[in-house]
Amino acid sequence: MESIKISSYMNRRPVTFTVDMHIAEAVEIFLRAKQIGGPVIDENNYVVGFLSEQDCLIKMLEATYLNENHYVVGDLMHDKPLTVRPDGSVLDLAQQMTHAKPKIYPIIDESNKLIGVITRSDVLKAIDDQLKAMYQDGHSRLV
């Protein structure tokens with residue numbers, strides 16, 4: 001299991017956001033993409049934050065009460081997102097996900113630029129694929 005790399009299961013074309021994007025626009029992107037969160041990137045493709053549907057929901061609800069919607073992504077994003085490297089282990093990430101809150105991790109290259117994302121569902125698929133392969137290879141008992 002240790003040999004399964006994050007790069008094998010990552011989404012190489014995730015939805016992304018910019019700091020100055022209006023929240024209403026970000027919500028439209030979420031709704032079209034069916035992705036629950038995404039990295040906020042700058043003009044050089046560096047990850048500068050992370051935005052989730054939950055962040056947007058809180059501010060959109062607030063906007064309905066105040067009858068105004070002037071928020072931008074930079075107002076809501078988490079500015080210290082957890083990131084992973086493509087050569088990292090899926091098993092290590094799975095263990096990290098059991099303790100850390102993020103359900104989606106931006107994946108950055110050696111120059112710290114965004115190259116994709118990996119979700120909890122992607123990690124579950126990787127583990128499931130590995131367990132199925134072990135079973136098909138004749139392991140009748142999984143430990």
# chains A, B, ... in the order shown; residues from 1 in each chain; ligands from 1
>>> select_by_dssp(residues="stretch 45-114 of chain A", states="alpha helix (DSSP H)", output="list in words")
Glu53, Gln54, Asp55, Cys56, Leu57, Ile58, Lys59, Met60, Leu61, Glu62, Ala63, Thr64, Tyr65, Leu66, Val73, Gly74, Asp75, Leu76, Val90, Leu91, Asp92, Leu93, Ala94, Gln95, Gln96 and Met97 of chain A
>>> select_by_dssp(residues="stretch 50-99 of chain A", states="strand (DSSP E or B)", output="PyMOL selection string")
chain A and resi 50-52+72+78+84+89
>>> residues_around(residues="A:Gly116", least_positions_apart="3", cutoff="12 Å", atoms="only C-alpha atoms", output="MDAnalysis selection string")
chainID A and resid 6:16 38:41 45:47 83:86 104:109 112:113 119
>>> residues_around(residues="A:Ile36", least_positions_apart="5", cutoff="9 Å", atoms="only C-alpha atoms", output="list in words")
Phe30, Leu31, Leu51, Ser52, Glu53, Gln54, Lys103 and Ile104 of chain A
>>> write_last_selection(atoms="all heavy atoms", output="PDB file, in the first residue's frame")
ATOM      1  N   PHE A  30     -18.684  26.073  -8.016  1.00  0.00           N
ATOM      2  CA  PHE A  30     -18.923  24.887  -7.182  1.00  0.00           C
ATOM      3  C   PHE A  30     -20.112  24.089  -7.708  1.00  0.00           C
ATOM      4  O   PHE A  30     -20.061  22.868  -7.806  1.00  0.00           O
ATOM      5  CB  PHE A  30     -19.200  25.277  -5.722  1.00  0.00           C
ATOM      6  CG  PHE A  30     -17.974  25.520  -4.899  1.00  0.00           C
ATOM      7  CD1 PHE A  30     -17.903  26.622  -4.063  1.00  0.00           C
ATOM      8  CD2 PHE A  30     -16.897  24.648  -4.907  1.00  0.00           C
ATOM      9  CE1 PHE A  30     -16.788  26.856  -3.268  1.00  0.00           C
ATOM     10  CE2 PHE A  30     -15.771  24.867  -4.126  1.00  0.00           C
ATOM     11  CZ  PHE A  30     -15.719  25.968  -3.306  1.00  0.00           C
ATOM     12  N   LEU A  31     -21.185  24.770  -8.018  1.00  0.00           N
ATOM     13  CA  LEU A  31     -22.399  24.093  -8.465  1.00  0.00           C
ATOM     14  C   LEU A  31     -22.196  23.356  -9.787  1.00  0.00           C
ATOM     15  O   LEU A  31     -22.688  22.240  -9.969  1.00  0.00           O
ATOM     16  CB  LEU A  31     -23.549  25.095  -8.581  1.00  0.00           C
ATOM     17  CG  LEU A  31     -24.007  25.715  -7.260  1.00  0.00           C
ATOM     18  CD1 LEU A  31     -25.037  26.800  -7.510  1.00  0.00           C
ATOM     19  CD2 LEU A  31     -24.545  24.653  -6.314  1.00  0.00           C
ATOM     20  N   LEU A  51     -10.745  27.492  -0.503  1.00  0.00           N
ATOM     21  CA  LEU A  51     -12.136  27.902  -0.327  1.00  0.00           C
ATOM     22  C   LEU A  51     -13.010  26.658  -0.343  1.00  0.00           C
ATOM     23  O   LEU A  51     -12.848  25.788  -1.202  1.00  0.00           O
ATOM     24  CB  LEU A  51     -12.558  28.835  -1.460  1.00  0.00           C
ATOM     25  CG  LEU A  51     -13.976  29.391  -1.373  1.00  0.00           C
ATOM     26  CD1 LEU A  51     -14.086  30.402  -0.231  1.00  0.00           C
ATOM     27  CD2 LEU A  51     -14.371  30.042  -2.689  1.00  0.00           C
ATOM     28  N   SER A  52     -13.954  26.589   0.602  1.00  0.00           N
ATOM     29  CA  SER A  52     -14.878  25.459   0.648  1.00  0.00           C
ATOM     30  C   SER A  52     -16.309  25.924   0.428  1.00  0.00           C
ATOM     31  O   SER A  52     -16.626  27.101   0.598  1.00  0.00           O
ATOM     32  CB  SER A  52     -14.780  24.742   1.999  1.00  0.00           C
ATOM     33  OG  SER A  52     -15.355  25.538   3.013  1.00  0.00           O
ATOM     34  N   GLU A  53     -17.152  24.984   0.071  1.00  0.00           N
ATOM     35  CA  GLU A  53     -18.578  25.284  -0.046  1.00  0.00           C
ATOM     36  C   GLU A  53     -19.116  25.809   1.282  1.00  0.00           C
ATOM     37  O   GLU A  53     -19.949  26.700   1.307  1.00  0.00           O
ATOM     38  CB  GLU A  53     -19.359  24.020  -0.408  1.00  0.00           C
ATOM     39  CG  GLU A  53     -19.361  23.633  -1.831  1.00  0.00           C
ATOM     40  CD  GLU A  53     -20.218  22.404  -2.069  1.00  0.00           C
ATOM     41  OE1 GLU A  53     -20.324  21.533  -1.181  1.00  0.00           O
ATOM     42  OE2 GLU A  53     -20.772  22.314  -3.166  1.00  0.00           O
ATOM     43  N   GLN A  54     -18.642  25.227   2.375  1.00  0.00           N
ATOM     44  CA  GLN A  54     -19.113  25.647   3.697  1.00  0.00           C
ATOM     45  C   GLN A  54     -18.786  27.120   3.952  1.00  0.00           C
ATOM     46  O   GLN A  54     -19.611  27.857   4.473  1.00  0.00           O
ATOM     47  CB  GLN A  54     -18.502  24.763   4.788  1.00  0.00           C
ATOM     48  CG  GLN A  54     -19.041  25.084   6.161  1.00  0.00           C
ATOM     49  CD  GLN A  54     -18.525  24.134   7.221  1.00  0.00           C
ATOM     50  OE1 GLN A  54     -17.646  23.309   6.967  1.00  0.00           O
ATOM     51  NE2 GLN A  54     -19.064  24.232   8.412  1.00  0.00           N
ATOM     52  N   LYS A 103     -11.024  17.762   3.405  1.00  0.00           N
ATOM     53  CA  LYS A 103     -11.505  16.648   2.601  1.00  0.00           C
ATOM     54  C   LYS A 103     -10.862  16.674   1.221  1.00  0.00           C
ATOM     55  O   LYS A 103     -10.963  15.724   0.466  1.00  0.00           O
ATOM     56  CB  LYS A 103     -13.023  16.738   2.461  1.00  0.00           C
ATOM     57  CG  LYS A 103     -13.761  16.623   3.778  1.00  0.00           C
ATOM     58  CD  LYS A 103     -15.241  16.944   3.580  1.00  0.00           C
ATOM     59  CE  LYS A 103     -16.001  16.893   4.875  1.00  0.00           C
ATOM     60  NZ  LYS A 103     -15.824  18.058   5.715  1.00  0.00           N
ATOM     61  N   ILE A 104     -10.229  17.801   0.903  1.00  0.00           N
ATOM     62  CA  ILE A 104      -9.535  17.984  -0.371  1.00  0.00           C
ATOM     63  C   ILE A 104      -8.178  18.631  -0.088  1.00  0.00           C
ATOM     64  O   ILE A 104      -8.117  19.607   0.659  1.00  0.00           O
ATOM     65  CB  ILE A 104     -10.332  18.905  -1.315  1.00  0.00           C
ATOM     66  CG1 ILE A 104     -11.703  18.331  -1.617  1.00  0.00           C
ATOM     67  CG2 ILE A 104      -9.565  19.154  -2.610  1.00  0.00           C
ATOM     68  CD1 ILE A 104     -12.574  19.244  -2.444  1.00  0.00           C
TER      69      ILE A 104
END
>>> atom_distance(atom1="atom CA of A:Leu93", atom2="atom CA of A:Leu131")
16.6 Å
>>> closest_residue(among="A:Ala100, A:Leu114, A:Met60, A:Met134", to="A:Val72", atoms="only C-alpha atoms")
A:Met60
>>> atom_distance(atom1="atom CA of A:Asp79", atom2="atom CA of A:Phe50")
6.6 Å
>>> residues_around(residues="A:Val19", least_positions_apart="3", cutoff="9 Å", atoms="only C-alpha atoms", output="compact mmCIF listing (two decimals) with N, CA and C atoms, in the first residue's frame")
# COMPACT_ATOMS: atom_id res chain seq x y z
N HIS A 22 -15.63 37.19 -6.94
CA HIS A 22 -16.81 37.37 -6.09
C HIS A 22 -17.33 36.00 -5.63
N VAL A 40 -7.18 28.29 -3.91
CA VAL A 40 -7.15 29.68 -4.39
C VAL A 40 -5.73 29.90 -4.87
N ILE A 41 -5.59 30.34 -6.11
CA ILE A 41 -4.26 30.49 -6.69
C ILE A 41 -4.02 31.94 -7.11
N ASP A 42 -2.74 32.29 -7.18
CA ASP A 42 -2.38 33.61 -7.68
C ASP A 42 -2.07 33.52 -9.17
N VAL A 48 -2.45 30.07 -2.64
CA VAL A 48 -2.43 31.13 -1.62
C VAL A 48 -3.55 30.94 -0.60
N GLY A 49 -4.42 29.96 -0.85
CA GLY A 49 -5.52 29.72 0.08
C GLY A 49 -6.37 28.56 -0.37
N VAL A 72 -15.61 38.72 -1.46
CA VAL A 72 -14.76 38.08 -2.46
C VAL A 72 -14.06 36.90 -1.79
N VAL A 73 -13.51 36.03 -2.61
CA VAL A 73 -12.86 34.82 -2.11
C VAL A 73 -11.81 35.14 -1.05
N GLY A 74 -11.04 36.19 -1.26
CA GLY A 74 -10.00 36.57 -0.30
C GLY A 74 -10.53 36.86 1.10
N ASP A 75 -11.80 37.25 1.19
CA ASP A 75 -12.42 37.52 2.49
C ASP A 75 -12.71 36.24 3.26
N MET A 77 -11.41 32.78 2.32
CA MET A 77 -10.51 31.63 2.16
C MET A 77 -9.66 31.38 3.40
>>> closest_residue(among="A:Leu82, A:Met97, A:Ile118, A:Ile29", to="A:Phe17", atoms="only C-alpha atoms")
A:Ile29
>>> closest_residue(among="A:Leu61, A:Leu76, A:Ala33, A:Ala133", to="A:Thr18", atoms="only C-alpha atoms")
A:Leu76
>>> atom_distance(atom1="atom CA of A:Lys125", atom2="atom CA of A:Ser89")
13.8 Å
>>> residues_around(residues="A:Asp129", least_positions_apart="6", cutoff="12 Å", atoms="only C-alpha atoms", output="PDB file with C-alpha atoms, in the first residue's frame")
ATOM      1  CA  MET A   1       0.000   0.000   0.000  1.00  0.00           C
ATOM      2  CA  ILE A   4       0.558   3.920  -4.124  1.00  0.00           C
ATOM      3  CA  SER A   8      -1.892   8.085  -9.485  1.00  0.00           C
ATOM      4  CA  TYR A   9      -5.230   9.240  -8.071  1.00  0.00           C
ATOM      5  CA  VAL A  90      -1.841   7.616  -0.407  1.00  0.00           C
ATOM      6  CA  ASP A 122      -9.923   9.594  -4.402  1.00  0.00           C
ATOM      7  CA  VAL A 123      -8.057   8.191  -1.398  1.00  0.00           C
ATOM      8  CA  TYR A 135      -7.760 -10.197  -3.064  1.00  0.00           C
ATOM      9  CA  GLN A 136      -7.476 -11.027  -6.775  1.00  0.00           C
TER      10      GLN A 136
END
